[in-house]
Number of protein chains: 2
Amino acid sequence: MINTRFSVAIHILSLVSAQTDKGVTSDFIAKSVNTNPVVIRRIGSLLKKANLLKGGPGVTGYSLVKKPQQITLLEIYKAVTTEEELFAIHDQPNPNCDVGRNIQATLNTSLTQAQQAMENELKRQTLADIIEHLSKQ
Amino acid sequence: MINTRFSVAIHILSLVSAQTDKGVTSDFIAKSVNTNPVVIRRIGSLLKKANLLKGGPGVTGYSLVKKPQQITLLEIYKAVTTEEELFAIHDQPNPNCDVGRNIQATLNTSLTQAQQAMENELKRQTLADIIEHLSKQ
DNA sequence: TCATTTGTAACAATTATAGTTACATTTTGT
DNA sequence: ACAAAATGTAACTATAATTGTTACAAATGA
């Protein structure tokens, strides 16, 4: 299961895009997410590195760098994901075995396709889609 | 990152389908995967519950229940995956907040689509594809 | 009967995640 | 210039999942 950072990141960006008038602080976001403000700042930090959010010490709250239509879920996903690969492949299989020798390359090809399929779908959806869906609930 | 059980499961099934003459024991498989035989039996147990493998106490080694062409990677994935959902969604968001109240349903819709895209790709590939790719390396 | 193998419980080591406290740093408003 | 307020981040903890390991009961077949 992929951790909640991705979900929380989308939550953060949704809140920031909703409140354009006043600064959306980590404390305010934390109350909506129901977690500790440091958890928000930690993820906010990743989103800043990915050029999705701006803000910083002394500046009250975060704001968006781009419009919601220009932010894909894939960008958000990549921003908060440390591992490049979705599927782990066991290491050091036996090179003296026909299967062991070739399994890693084969799995890599195969599983990368599955990961690509998922990422393509995340690329298709934007933060604007999320916001629209949120308001229609 | 999704754990190595899935990769190891594909490795196991590849070995079992390769060696049709003699029984493929957990010890033999463990040497190819480079792990402990109990790890293999544990995953083998899951594959038996999913009706992909047969064998048991007293019977030496495992054998396939179906032909490799009839085993999709999705079946293998589901067999060794305990969680139904690929993406975790943070729980208990604030119901007194417009975003907090609706974020779970929205994320569920959105992320399920990404999961579906991945699963559809896993469904498209079979164990036979893996075996073919292995031999062509 | 006996050797062999699987099934599974139980435990340990390692790692990732999420929550928390604490505090330095930065900005803004007065 | 100063104070208040907020962010950035280090450090630590608790919890849970994963993987490896030992041990042993249960089942099979020669």
# chains A, B, ... in the order shown; residues from 1 in each chain; ligands from 1
$ interface_residues --of "chain C" --to "chain A" --cutoff "9 Å" --atoms "only C-alpha atoms (C1' of nucleotides)" --output "list in words"
DT17, DA18, DG19, DT20, DT25, DT26, DT27 and DT28 of chain C
$ write_last_selection --atoms "N, CA and C atoms (P, O5', C5', C4', C3', O3' and C1' of nucleotides)" --output "PDB file, in the first residue's frame"
ATOM      1  P    DT C  17       7.869   5.253   3.583  1.00  0.00           P
ATOM      2  O5'  DT C  17       6.863   5.478   4.783  1.00  0.00           O
ATOM      3  C5'  DT C  17       5.910   4.459   5.073  1.00  0.00           C
ATOM      4  C4'  DT C  17       5.109   4.843   6.295  1.00  0.00           C
ATOM      5  C3'  DT C  17       4.686   6.316   6.313  1.00  0.00           C
ATOM      6  O3'  DT C  17       3.271   6.353   6.405  1.00  0.00           O
ATOM      7  C1'  DT C  17       5.652   5.636   8.395  1.00  0.00           C
ATOM      8  P    DA C  18       2.467   7.721   6.181  1.00  0.00           P
ATOM      9  O5'  DA C  18       2.281   8.218   7.682  1.00  0.00           O
ATOM     10  C5'  DA C  18       1.724   7.316   8.628  1.00  0.00           C
ATOM     11  C4'  DA C  18       1.773   7.912  10.005  1.00  0.00           C
ATOM     12  C3'  DA C  18       1.435   9.394  10.082  1.00  0.00           C
ATOM     13  O3'  DA C  18       0.441   9.568  11.086  1.00  0.00           O
ATOM     14  C1'  DA C  18       3.486   8.969  11.180  1.00  0.00           C
ATOM     15  P    DG C  19      -0.132  11.027  11.399  1.00  0.00           P
ATOM     16  O5'  DG C  19       0.529  11.330  12.823  1.00  0.00           O
ATOM     17  C5'  DG C  19       0.314  10.391  13.876  1.00  0.00           C
ATOM     18  C4'  DG C  19       1.159  10.760  15.071  1.00  0.00           C
ATOM     19  C3'  DG C  19       1.001  12.205  15.547  1.00  0.00           C
ATOM     20  O3'  DG C  19       0.737  12.206  16.945  1.00  0.00           O
ATOM     21  C1'  DG C  19       3.292  11.654  15.295  1.00  0.00           C
ATOM     22  P    DT C  20       0.277  13.554  17.642  1.00  0.00           P
ATOM     23  O5'  DT C  20       1.633  14.091  18.285  1.00  0.00           O
ATOM     24  C5'  DT C  20       2.351  13.255  19.178  1.00  0.00           C
ATOM     25  C4'  DT C  20       3.696  13.864  19.518  1.00  0.00           C
ATOM     26  C3'  DT C  20       3.666  15.362  19.803  1.00  0.00           C
ATOM     27  O3'  DT C  20       3.762  15.559  21.201  1.00  0.00           O
ATOM     28  C1'  DT C  20       5.589  14.678  18.529  1.00  0.00           C
ATOM     29  P    DT C  25      19.813  30.050  13.437  1.00  0.00           P
ATOM     30  O5'  DT C  25      18.633  30.342  12.421  1.00  0.00           O
ATOM     31  C5'  DT C  25      18.267  29.340  11.478  1.00  0.00           C
ATOM     32  C4'  DT C  25      17.208  29.894  10.554  1.00  0.00           C
ATOM     33  C3'  DT C  25      17.431  31.349  10.138  1.00  0.00           C
ATOM     34  O3'  DT C  25      17.285  31.462   8.738  1.00  0.00           O
ATOM     35  C1'  DT C  25      15.247  31.063  11.006  1.00  0.00           C
ATOM     36  P    DT C  26      17.702  32.813   7.975  1.00  0.00           P
ATOM     37  O5'  DT C  26      16.279  33.396   7.584  1.00  0.00           O
ATOM     38  C5'  DT C  26      15.335  32.549   6.945  1.00  0.00           C
ATOM     39  C4'  DT C  26      13.978  33.226   6.931  1.00  0.00           C
ATOM     40  C3'  DT C  26      14.029  34.711   6.561  1.00  0.00           C
ATOM     41  O3'  DT C  26      13.270  34.908   5.380  1.00  0.00           O
ATOM     42  C1'  DT C  26      12.644  34.328   8.460  1.00  0.00           C
ATOM     43  P    DT C  27      13.375  36.277   4.565  1.00  0.00           P
ATOM     44  O5'  DT C  27      11.972  36.932   4.897  1.00  0.00           O
ATOM     45  C5'  DT C  27      10.787  36.176   4.628  1.00  0.00           C
ATOM     46  C4'  DT C  27       9.636  36.731   5.436  1.00  0.00           C
ATOM     47  C3'  DT C  27       9.320  38.204   5.167  1.00  0.00           C
ATOM     48  O3'  DT C  27       8.038  38.268   4.579  1.00  0.00           O
ATOM     49  C1'  DT C  27       9.260  37.677   7.486  1.00  0.00           C
ATOM     50  P    DT C  28       7.567  39.603   3.814  1.00  0.00           P
ATOM     51  O5'  DT C  28       6.511  40.163   4.853  1.00  0.00           O
ATOM     52  C5'  DT C  28       5.623  39.244   5.499  1.00  0.00           C
ATOM     53  C4'  DT C  28       4.956  39.924   6.679  1.00  0.00           C
ATOM     54  C3'  DT C  28       4.637  41.414   6.448  1.00  0.00           C
ATOM     55  O3'  DT C  28       3.327  41.674   6.891  1.00  0.00           O
ATOM     56  C1'  DT C  28       5.867  41.138   8.442  1.00  0.00           C
TER      57       DT C  28
END
$ select_by_dssp --residues "range 11-102 of chain A" --states "alpha helix (DSSP H)" --output "PyMOL selection string"
chain A and resi 11-18+26-33+37-49+73-80+98-102
$ write_last_selection --atoms "C-alpha atoms" --output "PDB file, in the first residue's frame"
ATOM      1  CA  HIS A  11      -5.583  17.431   0.439  1.00  0.00           C
ATOM      2  CA  ILE A  12      -3.079  20.214   1.108  1.00  0.00           C
ATOM      3  CA  LEU A  13      -3.147  21.482  -2.466  1.00  0.00           C
ATOM      4  CA  SER A  14      -6.935  21.377  -2.522  1.00  0.00           C
ATOM      5  CA  LEU A  15      -7.123  23.534   0.597  1.00  0.00           C
ATOM      6  CA  VAL A  16      -4.545  25.986  -0.672  1.00  0.00           C
ATOM      7  CA  SER A  17      -6.359  26.394  -3.959  1.00  0.00           C
ATOM      8  CA  ALA A  18      -9.707  26.801  -2.212  1.00  0.00           C
ATOM      9  CA  SER A  26       0.196  24.386   8.278  1.00  0.00           C
ATOM     10  CA  ASP A  27      -1.854  24.632  11.440  1.00  0.00           C
ATOM     11  CA  PHE A  28      -5.085  25.237   9.548  1.00  0.00           C
ATOM     12  CA  ILE A  29      -4.313  22.413   7.120  1.00  0.00           C
ATOM     13  CA  ALA A  30      -3.385  20.081   9.958  1.00  0.00           C
ATOM     14  CA  LYS A  31      -6.807  20.584  11.515  1.00  0.00           C
ATOM     15  CA  SER A  32      -8.517  19.690   8.251  1.00  0.00           C
ATOM     16  CA  VAL A  33      -6.307  16.655   7.629  1.00  0.00           C
ATOM     17  CA  PRO A  37       1.301  20.573  11.668  1.00  0.00           C
ATOM     18  CA  VAL A  38       4.822  19.234  11.282  1.00  0.00           C
ATOM     19  CA  VAL A  39       3.519  16.423   9.114  1.00  0.00           C
ATOM     20  CA  ILE A  40       1.968  19.090   6.887  1.00  0.00           C
ATOM     21  CA  ARG A  41       5.126  21.173   6.755  1.00  0.00           C
ATOM     22  CA  ARG A  42       7.129  18.086   5.904  1.00  0.00           C
ATOM     23  CA  ILE A  43       4.937  17.324   2.922  1.00  0.00           C
ATOM     24  CA  GLY A  44       4.691  21.034   2.107  1.00  0.00           C
ATOM     25  CA  SER A  45       8.445  21.051   1.912  1.00  0.00           C
ATOM     26  CA  LEU A  46       8.396  18.287  -0.695  1.00  0.00           C
ATOM     27  CA  LEU A  47       5.747  20.122  -2.700  1.00  0.00           C
ATOM     28  CA  LYS A  48       7.882  23.251  -2.656  1.00  0.00           C
ATOM     29  CA  LYS A  49      10.876  21.345  -3.959  1.00  0.00           C
ATOM     30  CA  LEU A  73      -1.734  14.083  -9.967  1.00  0.00           C
ATOM     31  CA  LEU A  74       1.408  12.482 -11.363  1.00  0.00           C
ATOM     32  CA  GLU A  75       3.432  15.582 -10.471  1.00  0.00           C
ATOM     33  CA  ILE A  76       2.082  15.414  -6.948  1.00  0.00           C
ATOM     34  CA  TYR A  77       2.755  11.701  -6.751  1.00  0.00           C
ATOM     35  CA  LYS A  78       6.335  12.107  -7.905  1.00  0.00           C
ATOM     36  CA  ALA A  79       6.851  14.989  -5.488  1.00  0.00           C
ATOM     37  CA  VAL A  80       6.111  12.924  -2.410  1.00  0.00           C
ATOM     38  CA  ASP A  98      18.243 -19.993 -16.101  1.00  0.00           C
ATOM     39  CA  VAL A  99      15.315 -18.352 -14.384  1.00  0.00           C
ATOM     40  CA  GLY A 100      17.355 -16.704 -11.633  1.00  0.00           C
ATOM     41  CA  ARG A 101      19.727 -15.189 -14.154  1.00  0.00           C
ATOM     42  CA  ASN A 102      17.023 -13.502 -16.223  1.00  0.00           C
TER      43      ASN A 102
END
$ select_by_dssp --residues "range 4-136 of chain B" --states "strand (DSSP E)" --output "ChimeraX atom specification"
/B:53-54,63-64
$ interface_residues --of "chain D" --to "chain B" --cutoff "9 Å" --atoms "only C-alpha atoms (C1' of nucleotides)" --output "MDAnalysis selection string"
chainID D and resid 18:21 26:29
$ interface_residues --of "chain A" --to "chain B" --cutoff "7 Å" --atoms "only C-alpha atoms" --output "ChimeraX atom specification"
/A:1-4,7-8,11,15,31-34,83,85-90,92-94,97,99-100,102-103,106,114-115,117-118,121-122,130,133-134,137
$ write_last_selection --atoms "C-alpha atoms" --output "PDB file, in the first residue's frame"
ATOM      1  CA  MET A   1       0.000   0.000   0.000  1.00  0.00           C
ATOM      2  CA  ILE A   2       1.303   3.377  -0.984  1.00  0.00           C
ATOM      3  CA  ASN A   3       1.569   5.657   2.047  1.00  0.00           C
ATOM      4  CA  THR A   4      -0.784   8.507   2.907  1.00  0.00           C
ATOM      5  CA  SER A   7      -3.402  11.622  -0.282  1.00  0.00           C
ATOM      6  CA  VAL A   8      -2.378  14.271   2.225  1.00  0.00           C
ATOM      7  CA  HIS A  11      -5.583  17.431   0.439  1.00  0.00           C
ATOM      8  CA  LEU A  15      -7.123  23.534   0.597  1.00  0.00           C
ATOM      9  CA  LYS A  31      -6.807  20.584  11.515  1.00  0.00           C
ATOM     10  CA  SER A  32      -8.517  19.690   8.251  1.00  0.00           C
ATOM     11  CA  VAL A  33      -6.307  16.655   7.629  1.00  0.00           C
ATOM     12  CA  ASN A  34      -6.413  15.760  11.319  1.00  0.00           C
ATOM     13  CA  GLU A  83      11.176   5.411  -4.649  1.00  0.00           C
ATOM     14  CA  GLU A  85       9.948   1.996  -8.774  1.00  0.00           C
ATOM     15  CA  LEU A  86       6.453   0.966  -7.750  1.00  0.00           C
ATOM     16  CA  PHE A  87       7.268  -2.749  -7.509  1.00  0.00           C
ATOM     17  CA  ALA A  88      10.174  -4.157  -5.554  1.00  0.00           C
ATOM     18  CA  ILE A  89      12.145  -6.937  -7.202  1.00  0.00           C
ATOM     19  CA  HIS A  90      14.048  -9.361  -4.985  1.00  0.00           C
ATOM     20  CA  GLN A  92      20.598 -11.462  -5.844  1.00  0.00           C
ATOM     21  CA  PRO A  93      18.713 -14.304  -7.533  1.00  0.00           C
ATOM     22  CA  ASN A  94      20.946 -17.228  -8.444  1.00  0.00           C
ATOM     23  CA  CYS A  97      19.889 -20.815 -12.761  1.00  0.00           C
ATOM     24  CA  VAL A  99      15.315 -18.352 -14.384  1.00  0.00           C
ATOM     25  CA  GLY A 100      17.355 -16.704 -11.633  1.00  0.00           C
ATOM     26  CA  ASN A 102      17.023 -13.502 -16.223  1.00  0.00           C
ATOM     27  CA  ILE A 103      14.161 -12.887 -13.841  1.00  0.00           C
ATOM     28  CA  THR A 106      12.079  -9.755 -17.274  1.00  0.00           C
ATOM     29  CA  ALA A 114       2.070  -1.787 -15.091  1.00  0.00           C
ATOM     30  CA  GLN A 115       3.608   1.179 -13.326  1.00  0.00           C
ATOM     31  CA  ALA A 117      -0.241   2.416 -16.920  1.00  0.00           C
ATOM     32  CA  MET A 118      -0.895   3.757 -13.443  1.00  0.00           C
ATOM     33  CA  GLU A 121      -3.790   7.649 -15.479  1.00  0.00           C
ATOM     34  CA  LEU A 122      -2.380   9.942 -12.778  1.00  0.00           C
ATOM     35  CA  ILE A 130     -10.143  16.905  -7.760  1.00  0.00           C
ATOM     36  CA  HIS A 133     -15.241  16.578  -7.760  1.00  0.00           C
ATOM     37  CA  LEU A 134     -14.934  17.902  -4.211  1.00  0.00           C
ATOM     38  CA  GLN A 137     -20.135  15.911  -3.568  1.00  0.00           C
TER      39      GLN A 137
END
$ atom_distance --atom1 "C1' of DA24 in chain C" --atom2 "C1' of DG8 in chain D"
8.9 Å
$ closest_residue --among "A:Gln69, A:Asn51, A:Tyr62, A:Asp21" --to "DA6 in chain D" --atoms "only C-alpha atoms (C1' of nucleotides)"
A:Tyr62
$ atom_distance --atom1 "C1' of DA10 in chain D" --atom2 "C1' of DT21 in chain C"
10.7 Å
$ closest_residue --among "C:DT30, C:DT15, C:DT8, C:DT1" --to "DA1 in chain D" --atoms "only C-alpha atoms (C1' of nucleotides)"
C:DT30
